[in-house]
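Participant: Pasting a structure here, questions to come.
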Amino acid sequence: MRLATRIALVTAVIVPVLVLLAGLLLLGLVGRDLRAGQDGQLRDRAAAALPYARTELRAAAAGRLRQEANQQGRLSAAALDAGVRLTAADGTVLNSAGAQPDLAVPLPAAADRPQTVVGADGTAWRALAQTIPTGAAQPGGTLWLFARASAVQHEVRTVRGRIVLVALVAAPLGGLLAYLVAERAARPLRLLRRRTGGLDPDDPATRPSLSERPTGVVEVDELAGTLQSVLSRYDEQAARTAEALATARAFAASASHELRTPLMSMRTNLDVLTEHPGLAAEDRAEILADLQSEHARLLGTLTALRALAQGDLVEQDAFGPVDLVELAESAAAEARRRDQQAVITVRSSAGSLRLHGWEPGLRMAVDNLLANALVHGRSADGTARIDLALSRTDTDAVLTVADHGPGVPVDQRDSVFDRFRRGPGSPGSGLGLTLVAQQIALHRGTVRFTDPPAGTGALAEVVLPLAASTPTLPLRRDWLSADG
């Protein structure tokens, strides 16, 4: 059922109900006002007839019949359309004229306000009694005035009938007007439906902007904006899903390619051990050392590939406050534990370097820089001496890792960050510095190799922004899946 039809039906039901409820209240008010008006007329008639009633009582007491008859006519004329009855103090009816209950109907005790009296035939009357007290020259008595209560009831019934008529007319008329208004009000919704009817969630290029043409109706424009936001989030999630699938495929392909050589080498060594059980001890030890080396290389490659995939798939909500000084000191302590002969110093010119980042990723970057320096940065005597320094500028944190090895040739300082780029005799997977570049780019920083101040060795310099928060992740999130 259309929205306009629903609104019209609801209006057609609600409007008569509201009219009838308002009519009930109106009937009560009208009935009260009509009774008050009728009682007011009785009081006016009583005030006008009271002098003639006193005169008639004096004439009756003195036996002046002619004067009494004359006053009876005047009393009836003063009461106008109200019934009038005059009784002496002993209850004798001296005058009875106009419409009123039968004389046999008992009247209530005299009061200063009108009261309801029901006649023998069931007719209701409003009766007002005016007591005439006994004085020196004034006999006592009671003046009664009557008016039919049915006159008020007739007017109330008339009002009730008109209210019902208005309710019956308001039902179809209100429904029709509501339908016309709802049709016009629903026009922006129909426009939005037409604009969204042909949307293709899988083809963002052909999708029109739902908020480019506002309708002027706040709720409809807000709904259009919400739909636009939902579609945008759908696009983002679809893109992230595609990236995740590409990363998974790249992980499988890279693992298959890079692990083939160590696995084949391990298989060859195992075959040699199996086929030559009497192999000399030194040959067996050499093969076992080679197996351990290949196993470490295989495990390192898998670990690096997994870390590279995690960096490509990390979300913004994983970021939080990170103290770079504490992180660097912890990484240096771990490196000293792994290589107890290495001399690793940490210097910081800033008490605390707090930034918004992904702590596991930053720790991974520092660990790999230290691991690279431990492998390639040994001096001629085989000693590893590494200097890790931290400082800050107005907007950035600067971390440097310096060693005393042969250094990085100028023409290779960019390519060392490429995937699977291994130096001669390197035992690693060729992904360590790639992980460093990925994590620093993820934090919108820069990393490079440059000449150390002493002139020998290599100096890796990392610059990270100290902004309170990172608004968005970088566009490039394909370190594992990109070609090359």
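Identifiers in this document derive from the order of the structure tokens: chains are assigned A, B, ..., residues are numbered from 1 separately in each chain, and ligands are numbered from 1 in order of occurrence.
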Could you please write out, as an NGL selection string, every residue of region 93-194 of chain A that DSSP assigns to helix (DSSP H, G or I)?

Facilitator: :A and (150-185 or 187-194)

Participant: Could you list, as a ChimeraX atom specification, every residue within 9 Å of region 50-62 of chain A, counting only C-alpha atoms and ignoring same-chain residues fewer than 6 positions away?

Facilitator: /A:68-72,74-75,78,86-88,94-95,130,132,137-143

Participant: Which is closest to Arg306 (chain A) among A:Val272, A:Ser265, A:Ala380, A:Leu435, if we use only C-alpha atoms?

Facilitator: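 Ranked by minimum distance to Arg306 (chain A), first place goes to A:Leu435.
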
Participant: Skip Val325 (chain A) itself and residues of its chain fewer than 4 positions away, then list as a PyMOL selection string all residues within 7 Å of it, counting only C-alpha atoms.

Facilitator: chain A and resi 329+352-353

Participant: As a list of chain:residue names, please: the residues near Arg43 (chain A) (cut-off 9 Å, only C-alpha atoms, same-chain neighbours under 4 positions excluded).

Facilitator: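 Listed by chain and then number, they are A:Gln38, A:Asp39, A:Ala47, A:Ala48, A:Arg113, A:Pro114, A:Leu128, A:Leu145.
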
Participant: Would you please give, as a list in words, all residues of region 324-366 of chain A that DSSP assigns to strand (DSSP E) based on the backbone?

Facilitator: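 Strand (DSSP E) members of region 324-366 of chain A, listed: Val343, Ile344, Thr345, Val346, Arg347, Ser348, Arg354, Leu355, His356 and Gly357 of chain A.
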
Participant: Limited to C-alpha atoms, could you put the picked residues into a file as a CSV table (one decimal), in the first residue's frame?

Facilitator:
```csv
chain,number,residue,atom,x,y,z
A,343,VAL,CA,77.4,-3.1,21.7
A,344,ILE,CA,74.1,-1.2,21.3
A,345,THR,CA,73.7,2.3,22.7
A,346,VAL,CA,70.5,4.3,22.9
A,347,ARG,CA,70.6,8.1,23.1
A,348,SER,CA,67.6,10.4,23.3
A,354,ARG,CA,54.7,10.3,21.8
A,355,LEU,CA,53.0,9.8,18.5
A,356,HIS,CA,49.8,8.2,17.1
A,357,GLY,CA,50.7,4.9,15.5
```

Participant: Set the distance at 12 Å and use only C-alpha atoms: which residues neighbour Ala82 (chain A) once local chain neighbours fewer than 3 positions away are removed? I'd like the list as an NGL selection string.

Facilitator: :A and (38-39 or 41-46 or 48-49 or 75-79 or 85 or 96-101 or 125-128 or 144-149)

Participant: Using C-alpha atoms, can you export the residues from the last selection as a short mmCIF file (atom, residue, chain, number, x, y, z; two decimals), in the first residue's frame?

Facilitator:
```cif
data_model
loop_
_atom_site.label_atom_id
_atom_site.label_comp_id
_atom_site.auth_asym_id
_atom_site.auth_seq_id
_atom_site.Cartn_x
_atom_site.Cartn_y
_atom_site.Cartn_z
CA GLN A 38 -32.37 29.21 31.28
CA ASP A 39 -31.76 29.62 35.01
CA GLN A 41 -34.06 33.88 32.59
CA LEU A 42 -36.00 32.37 35.49
CA ARG A 43 -34.25 34.72 37.91
CA ASP A 44 -35.02 37.70 35.66
CA ARG A 45 -38.67 36.68 35.42
CA ALA A 46 -38.84 36.18 39.20
CA ALA A 48 -39.93 41.21 37.54
CA ALA A 49 -42.89 39.29 39.00
CA LEU A 75 -48.12 38.60 37.67
CA SER A 76 -48.68 36.28 34.68
CA ALA A 77 -47.68 39.06 32.26
CA ALA A 78 -44.47 39.78 34.20
CA ALA A 79 -43.49 36.09 34.10
CA ARG A 85 -47.46 29.74 40.81
CA SER A 96 -51.32 29.28 38.85
CA ALA A 97 -50.72 30.28 35.24
CA GLY A 98 -48.61 29.12 32.31
CA ALA A 99 -46.96 25.75 31.65
CA GLN A 100 -45.96 24.01 34.85
CA PRO A 101 -46.16 20.63 36.64
CA TRP A 125 -38.97 21.19 34.68
CA ARG A 126 -36.59 23.78 36.04
CA ALA A 127 -38.25 25.38 39.10
CA LEU A 128 -37.14 28.52 40.95
CA TRP A 144 -42.63 29.66 41.90
CA LEU A 145 -41.48 30.01 38.29
CA PHE A 146 -41.19 27.04 35.91
CA ALA A 147 -39.51 26.39 32.53
CA ARG A 148 -39.38 23.18 30.51
CA ALA A 149 -35.96 21.48 30.71
#
```

Participant: Counting only C-alpha atoms, which residue out of A:Ser293, A:Thr383, A:Thr11, A:Thr226 sits closest to Asp339 (chain A)?

Facilitator: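 Checking each of A:Ser293, A:Thr383, A:Thr11, A:Thr226 against Asp339 (chain A), counting only C-alpha atoms, the winner is A:Thr383.
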
Participant: Give me, as JSON, numbers by chain, all polymer residues having an atom no more than 12 Å from Arg32 (chain A), counting only C-alpha atoms and skipping those fewer than 4 positions away in the same chain.

Facilitator: {"A": [25, 26, 27, 28, 36, 37, 38, 39, 152, 153, 155, 156]}

Participant: With C-alpha atoms retained, export the selected residues as a CSV table (one decimal), in the first residue's frame.

Facilitator:
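The resulting file, out.csv, is shown below:
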```
chain,number,residue,atom,x,y,z
A,25,LEU,CA,-16.5,18.3,25.2
A,26,LEU,CA,-18.5,20.9,23.3
A,27,LEU,CA,-21.8,19.3,24.2
A,28,GLY,CA,-21.0,19.4,27.9
A,36,ALA,CA,-27.2,28.6,33.0
A,37,GLY,CA,-29.0,30.8,30.5
A,38,GLN,CA,-32.4,29.2,31.3
A,39,ASP,CA,-31.8,29.6,35.0
A,152,VAL,CA,-32.3,22.8,26.6
A,153,GLN,CA,-32.3,19.1,25.7
A,155,GLU,CA,-30.9,22.4,21.6
A,156,VAL,CA,-28.3,19.9,22.9
```
